[in-house]
Amino acid sequence: MNRSIPCRRKALTRLCKMSLYLAASRSAIHHHAASALSLPVDLTNQMILAPLTRGGNLPYRRLCADLGCRISLSEMVYARSLLKGDAVERARLRRAPNEECFGVQIATNNVEEGRKAMELIHQAGTADFVDLNCGCPIR
């Protein structure tokens, strides 16, 4: 038996707990925001996993959902690469079966690319919402 597997799971669990945060009712996220956006869950007092580049992959999000996270987001997806059919970007649209409310974050600086990427995400049918990132300095 590989003894490092429980250690890795324990480390991932600690990391997951550190990256989750509680959206309190007095924060910028209010109960009415969830209903206005028509999300499948109320955001008040819920754990939300923010988009994490190279950290918020599917296995990690699955573990976070197991630990009580009700709302999660994909790693940042580059709209231009997604539209070119990049397999890595396409894989970021996948949703774990236990993710109750799942959003996809797309990064773009071009309105038409963003619109087309949102159409692809809608066609994939995995996301409850899209988070638009127009200012990430990575690319």
# chains A, B, ... in the order shown; residues from 1 in each chain; ligands from 1
$ residues_around --residues "range 78-88 of chain A" --least-positions-apart "2" --cutoff "7 Å" --atoms "only C-alpha atoms" --output "PyMOL selection string"
chain A and resi 76+90-92+106-108+113-114+117
$ write_last_selection --atoms "N, CA, C and O atoms" --output "PDB file, in the first residue's frame"
ATOM      1  N   MET A  76      -9.334  29.418 -14.819  1.00  0.00           N
ATOM      2  CA  MET A  76      -9.543  30.413 -15.863  1.00  0.00           C
ATOM      3  C   MET A  76      -9.389  29.769 -17.245  1.00  0.00           C
ATOM      4  O   MET A  76      -8.418  29.067 -17.508  1.00  0.00           O
ATOM      5  N   ARG A  90     -10.909  23.130 -23.180  1.00  0.00           N
ATOM      6  CA  ARG A  90     -12.206  22.427 -23.262  1.00  0.00           C
ATOM      7  C   ARG A  90     -12.428  21.556 -22.014  1.00  0.00           C
ATOM      8  O   ARG A  90     -13.536  21.486 -21.491  1.00  0.00           O
ATOM      9  N   ALA A  91     -11.353  20.914 -21.535  1.00  0.00           N
ATOM     10  CA  ALA A  91     -11.451  20.051 -20.354  1.00  0.00           C
ATOM     11  C   ALA A  91     -11.826  20.850 -19.105  1.00  0.00           C
ATOM     12  O   ALA A  91     -12.437  20.310 -18.178  1.00  0.00           O
ATOM     13  N   ARG A  92     -11.479  22.124 -19.083  1.00  0.00           N
ATOM     14  CA  ARG A  92     -11.800  22.965 -17.917  1.00  0.00           C
ATOM     15  C   ARG A  92     -13.290  23.239 -17.788  1.00  0.00           C
ATOM     16  O   ARG A  92     -13.736  23.758 -16.765  1.00  0.00           O
ATOM     17  N   ILE A 106     -14.100  32.783 -17.764  1.00  0.00           N
ATOM     18  CA  ILE A 106     -13.408  32.970 -19.041  1.00  0.00           C
ATOM     19  C   ILE A 106     -12.635  34.279 -19.002  1.00  0.00           C
ATOM     20  O   ILE A 106     -13.070  35.252 -18.380  1.00  0.00           O
ATOM     21  N   ALA A 107     -11.478  34.266 -19.635  1.00  0.00           N
ATOM     22  CA  ALA A 107     -10.635  35.455 -19.715  1.00  0.00           C
ATOM     23  C   ALA A 107     -10.579  35.905 -21.169  1.00  0.00           C
ATOM     24  O   ALA A 107     -10.316  35.107 -22.065  1.00  0.00           O
ATOM     25  N   THR A 108     -10.859  37.173 -21.365  1.00  0.00           N
ATOM     26  CA  THR A 108     -10.814  37.736 -22.711  1.00  0.00           C
ATOM     27  C   THR A 108     -10.680  39.246 -22.627  1.00  0.00           C
ATOM     28  O   THR A 108     -11.023  39.852 -21.611  1.00  0.00           O
ATOM     29  N   GLU A 113     -15.005  37.563 -28.930  1.00  0.00           N
ATOM     30  CA  GLU A 113     -14.450  36.293 -28.427  1.00  0.00           C
ATOM     31  C   GLU A 113     -15.189  35.846 -27.172  1.00  0.00           C
ATOM     32  O   GLU A 113     -15.497  34.671 -27.016  1.00  0.00           O
ATOM     33  N   GLY A 114     -15.451  36.787 -26.288  1.00  0.00           N
ATOM     34  CA  GLY A 114     -16.165  36.464 -25.051  1.00  0.00           C
ATOM     35  C   GLY A 114     -17.561  35.938 -25.331  1.00  0.00           C
ATOM     36  O   GLY A 114     -17.999  34.953 -24.737  1.00  0.00           O
ATOM     37  N   ALA A 117     -17.283  32.431 -26.788  1.00  0.00           N
ATOM     38  CA  ALA A 117     -16.877  31.480 -25.743  1.00  0.00           C
ATOM     39  C   ALA A 117     -18.058  31.149 -24.840  1.00  0.00           C
ATOM     40  O   ALA A 117     -18.259  29.989 -24.467  1.00  0.00           O
TER      41      ALA A 117
END
$ atom_distance --atom1 "CA of Leu132 in chain A" --atom2 "CA of Pro97 in chain A"
23.5 Å
$ residues_around --residues "Arg62 in chain A" --least-positions-apart "6" --cutoff "12 Å" --atoms "only C-alpha atoms" --output "ChimeraX atom specification"
/A:12-13,16,49,56,68-74,94-102
$ write_last_selection --atoms "N, CA, C and O atoms" --output "short mmCIF file (atom, residue, chain, number, x, y, z; two decimals), in the first residue's frame"
data_model
loop_
_atom_site.label_atom_id
_atom_site.label_comp_id
_atom_site.auth_asym_id
_atom_site.auth_seq_id
_atom_site.Cartn_x
_atom_site.Cartn_y
_atom_site.Cartn_z
N LEU A 12 -4.23 17.98 0.75
CA LEU A 12 -5.22 18.57 -0.13
C LEU A 12 -6.43 19.06 0.66
O LEU A 12 -6.98 20.12 0.36
N THR A 13 -6.83 18.29 1.66
CA THR A 13 -7.97 18.70 2.49
C THR A 13 -7.65 20.00 3.22
O THR A 13 -8.47 20.91 3.27
N CYS A 16 -7.70 22.77 0.68
CA CYS A 16 -9.09 23.03 0.30
C CYS A 16 -9.77 23.89 1.34
O CYS A 16 -10.43 24.88 1.02
N LEU A 49 -15.90 28.45 -3.71
CA LEU A 49 -14.52 28.23 -4.14
C LEU A 49 -14.22 29.18 -5.29
O LEU A 49 -14.83 29.09 -6.36
N GLY A 56 -7.61 24.99 -9.28
CA GLY A 56 -9.02 24.63 -9.19
C GLY A 56 -9.45 23.58 -10.20
O GLY A 56 -10.50 23.69 -10.81
N GLY A 68 -18.11 20.38 1.69
CA GLY A 68 -19.18 21.33 1.95
C GLY A 68 -19.26 22.53 1.04
O GLY A 68 -20.15 23.37 1.21
N CYS A 69 -18.38 22.66 0.09
CA CYS A 69 -18.44 23.78 -0.85
C CYS A 69 -19.64 23.59 -1.78
O CYS A 69 -19.76 22.56 -2.43
N ARG A 70 -20.51 24.58 -1.83
CA ARG A 70 -21.72 24.45 -2.65
C ARG A 70 -21.61 25.19 -3.98
O ARG A 70 -22.40 24.95 -4.87
N ILE A 71 -20.67 26.13 -4.10
CA ILE A 71 -20.51 26.91 -5.31
C ILE A 71 -19.04 26.90 -5.68
O ILE A 71 -18.18 27.25 -4.88
N SER A 72 -18.73 26.51 -6.91
CA SER A 72 -17.34 26.45 -7.33
C SER A 72 -17.18 27.00 -8.75
O SER A 72 -18.15 27.07 -9.51
N LEU A 73 -15.96 27.39 -9.06
CA LEU A 73 -15.65 27.91 -10.39
C LEU A 73 -14.48 27.15 -10.98
O LEU A 73 -13.59 26.69 -10.26
N SER A 74 -14.48 27.07 -12.29
CA SER A 74 -13.40 26.40 -13.01
C SER A 74 -12.12 27.22 -12.92
O SER A 74 -12.13 28.38 -12.49
N ARG A 94 -15.46 20.86 -17.75
CA ARG A 94 -16.05 19.68 -17.11
C ARG A 94 -16.47 19.99 -15.68
O ARG A 94 -15.83 20.76 -14.98
N ARG A 95 -17.54 19.33 -15.29
CA ARG A 95 -18.11 19.52 -13.96
C ARG A 95 -18.12 18.20 -13.22
O ARG A 95 -18.49 17.16 -13.79
N ALA A 96 -17.75 18.21 -11.95
CA ALA A 96 -17.82 17.01 -11.12
C ALA A 96 -19.28 16.73 -10.79
O ALA A 96 -20.07 17.66 -10.62
N PRO A 97 -19.66 15.46 -10.66
CA PRO A 97 -21.05 15.12 -10.37
C PRO A 97 -21.57 15.71 -9.06
O PRO A 97 -22.76 15.96 -8.92
N ASN A 98 -20.67 15.96 -8.10
CA ASN A 98 -21.12 16.46 -6.80
C ASN A 98 -21.06 18.00 -6.68
O ASN A 98 -21.30 18.53 -5.61
N GLU A 99 -20.75 18.69 -7.76
CA GLU A 99 -20.73 20.15 -7.73
C GLU A 99 -22.17 20.67 -7.89
O GLU A 99 -22.76 20.54 -8.95
N GLU A 100 -22.68 21.24 -6.82
CA GLU A 100 -24.07 21.68 -6.81
C GLU A 100 -24.32 22.88 -7.72
O GLU A 100 -25.31 22.95 -8.43
N CYS A 101 -23.41 23.84 -7.66
CA CYS A 101 -23.51 25.04 -8.50
C CYS A 101 -22.13 25.32 -9.06
O CYS A 101 -21.18 25.52 -8.30
N PHE A 102 -22.00 25.30 -10.38
CA PHE A 102 -20.68 25.38 -11.03
C PHE A 102 -20.65 26.51 -12.04
O PHE A 102 -21.55 26.65 -12.86
#
$ residues_around --residues "Gly125 in chain A" --least-positions-apart "2" --cutoff "12 Å" --atoms "only C-alpha atoms" --output "PyMOL selection string"
chain A and resi 93-95+102-104+118-123+127-130
$ write_last_selection --atoms "C-alpha atoms" --output "PDB file, in the first residue's frame"
ATOM      1  CA  LEU A  93     -15.520  23.085 -18.752  1.00  0.00           C
ATOM      2  CA  ARG A  94     -16.049  19.681 -17.110  1.00  0.00           C
ATOM      3  CA  ARG A  95     -18.112  19.521 -13.956  1.00  0.00           C
ATOM      4  CA  PHE A 102     -20.684  25.377 -11.026  1.00  0.00           C
ATOM      5  CA  GLY A 103     -19.405  28.402 -12.899  1.00  0.00           C
ATOM      6  CA  VAL A 104     -16.806  28.762 -15.630  1.00  0.00           C
ATOM      7  CA  MET A 118     -20.046  31.916 -23.686  1.00  0.00           C
ATOM      8  CA  GLU A 119     -22.022  30.261 -26.494  1.00  0.00           C
ATOM      9  CA  LEU A 120     -19.639  27.272 -26.403  1.00  0.00           C
ATOM     10  CA  ILE A 121     -19.972  27.051 -22.633  1.00  0.00           C
ATOM     11  CA  HIS A 122     -23.757  27.188 -22.942  1.00  0.00           C
ATOM     12  CA  GLN A 123     -23.668  24.409 -25.570  1.00  0.00           C
ATOM     13  CA  ALA A 127     -22.089  25.592 -16.176  1.00  0.00           C
ATOM     14  CA  ASP A 128     -24.753  27.345 -14.129  1.00  0.00           C
ATOM     15  CA  PHE A 129     -23.076  30.717 -14.717  1.00  0.00           C
ATOM     16  CA  VAL A 130     -20.055  32.381 -16.345  1.00  0.00           C
TER      17      VAL A 130
END
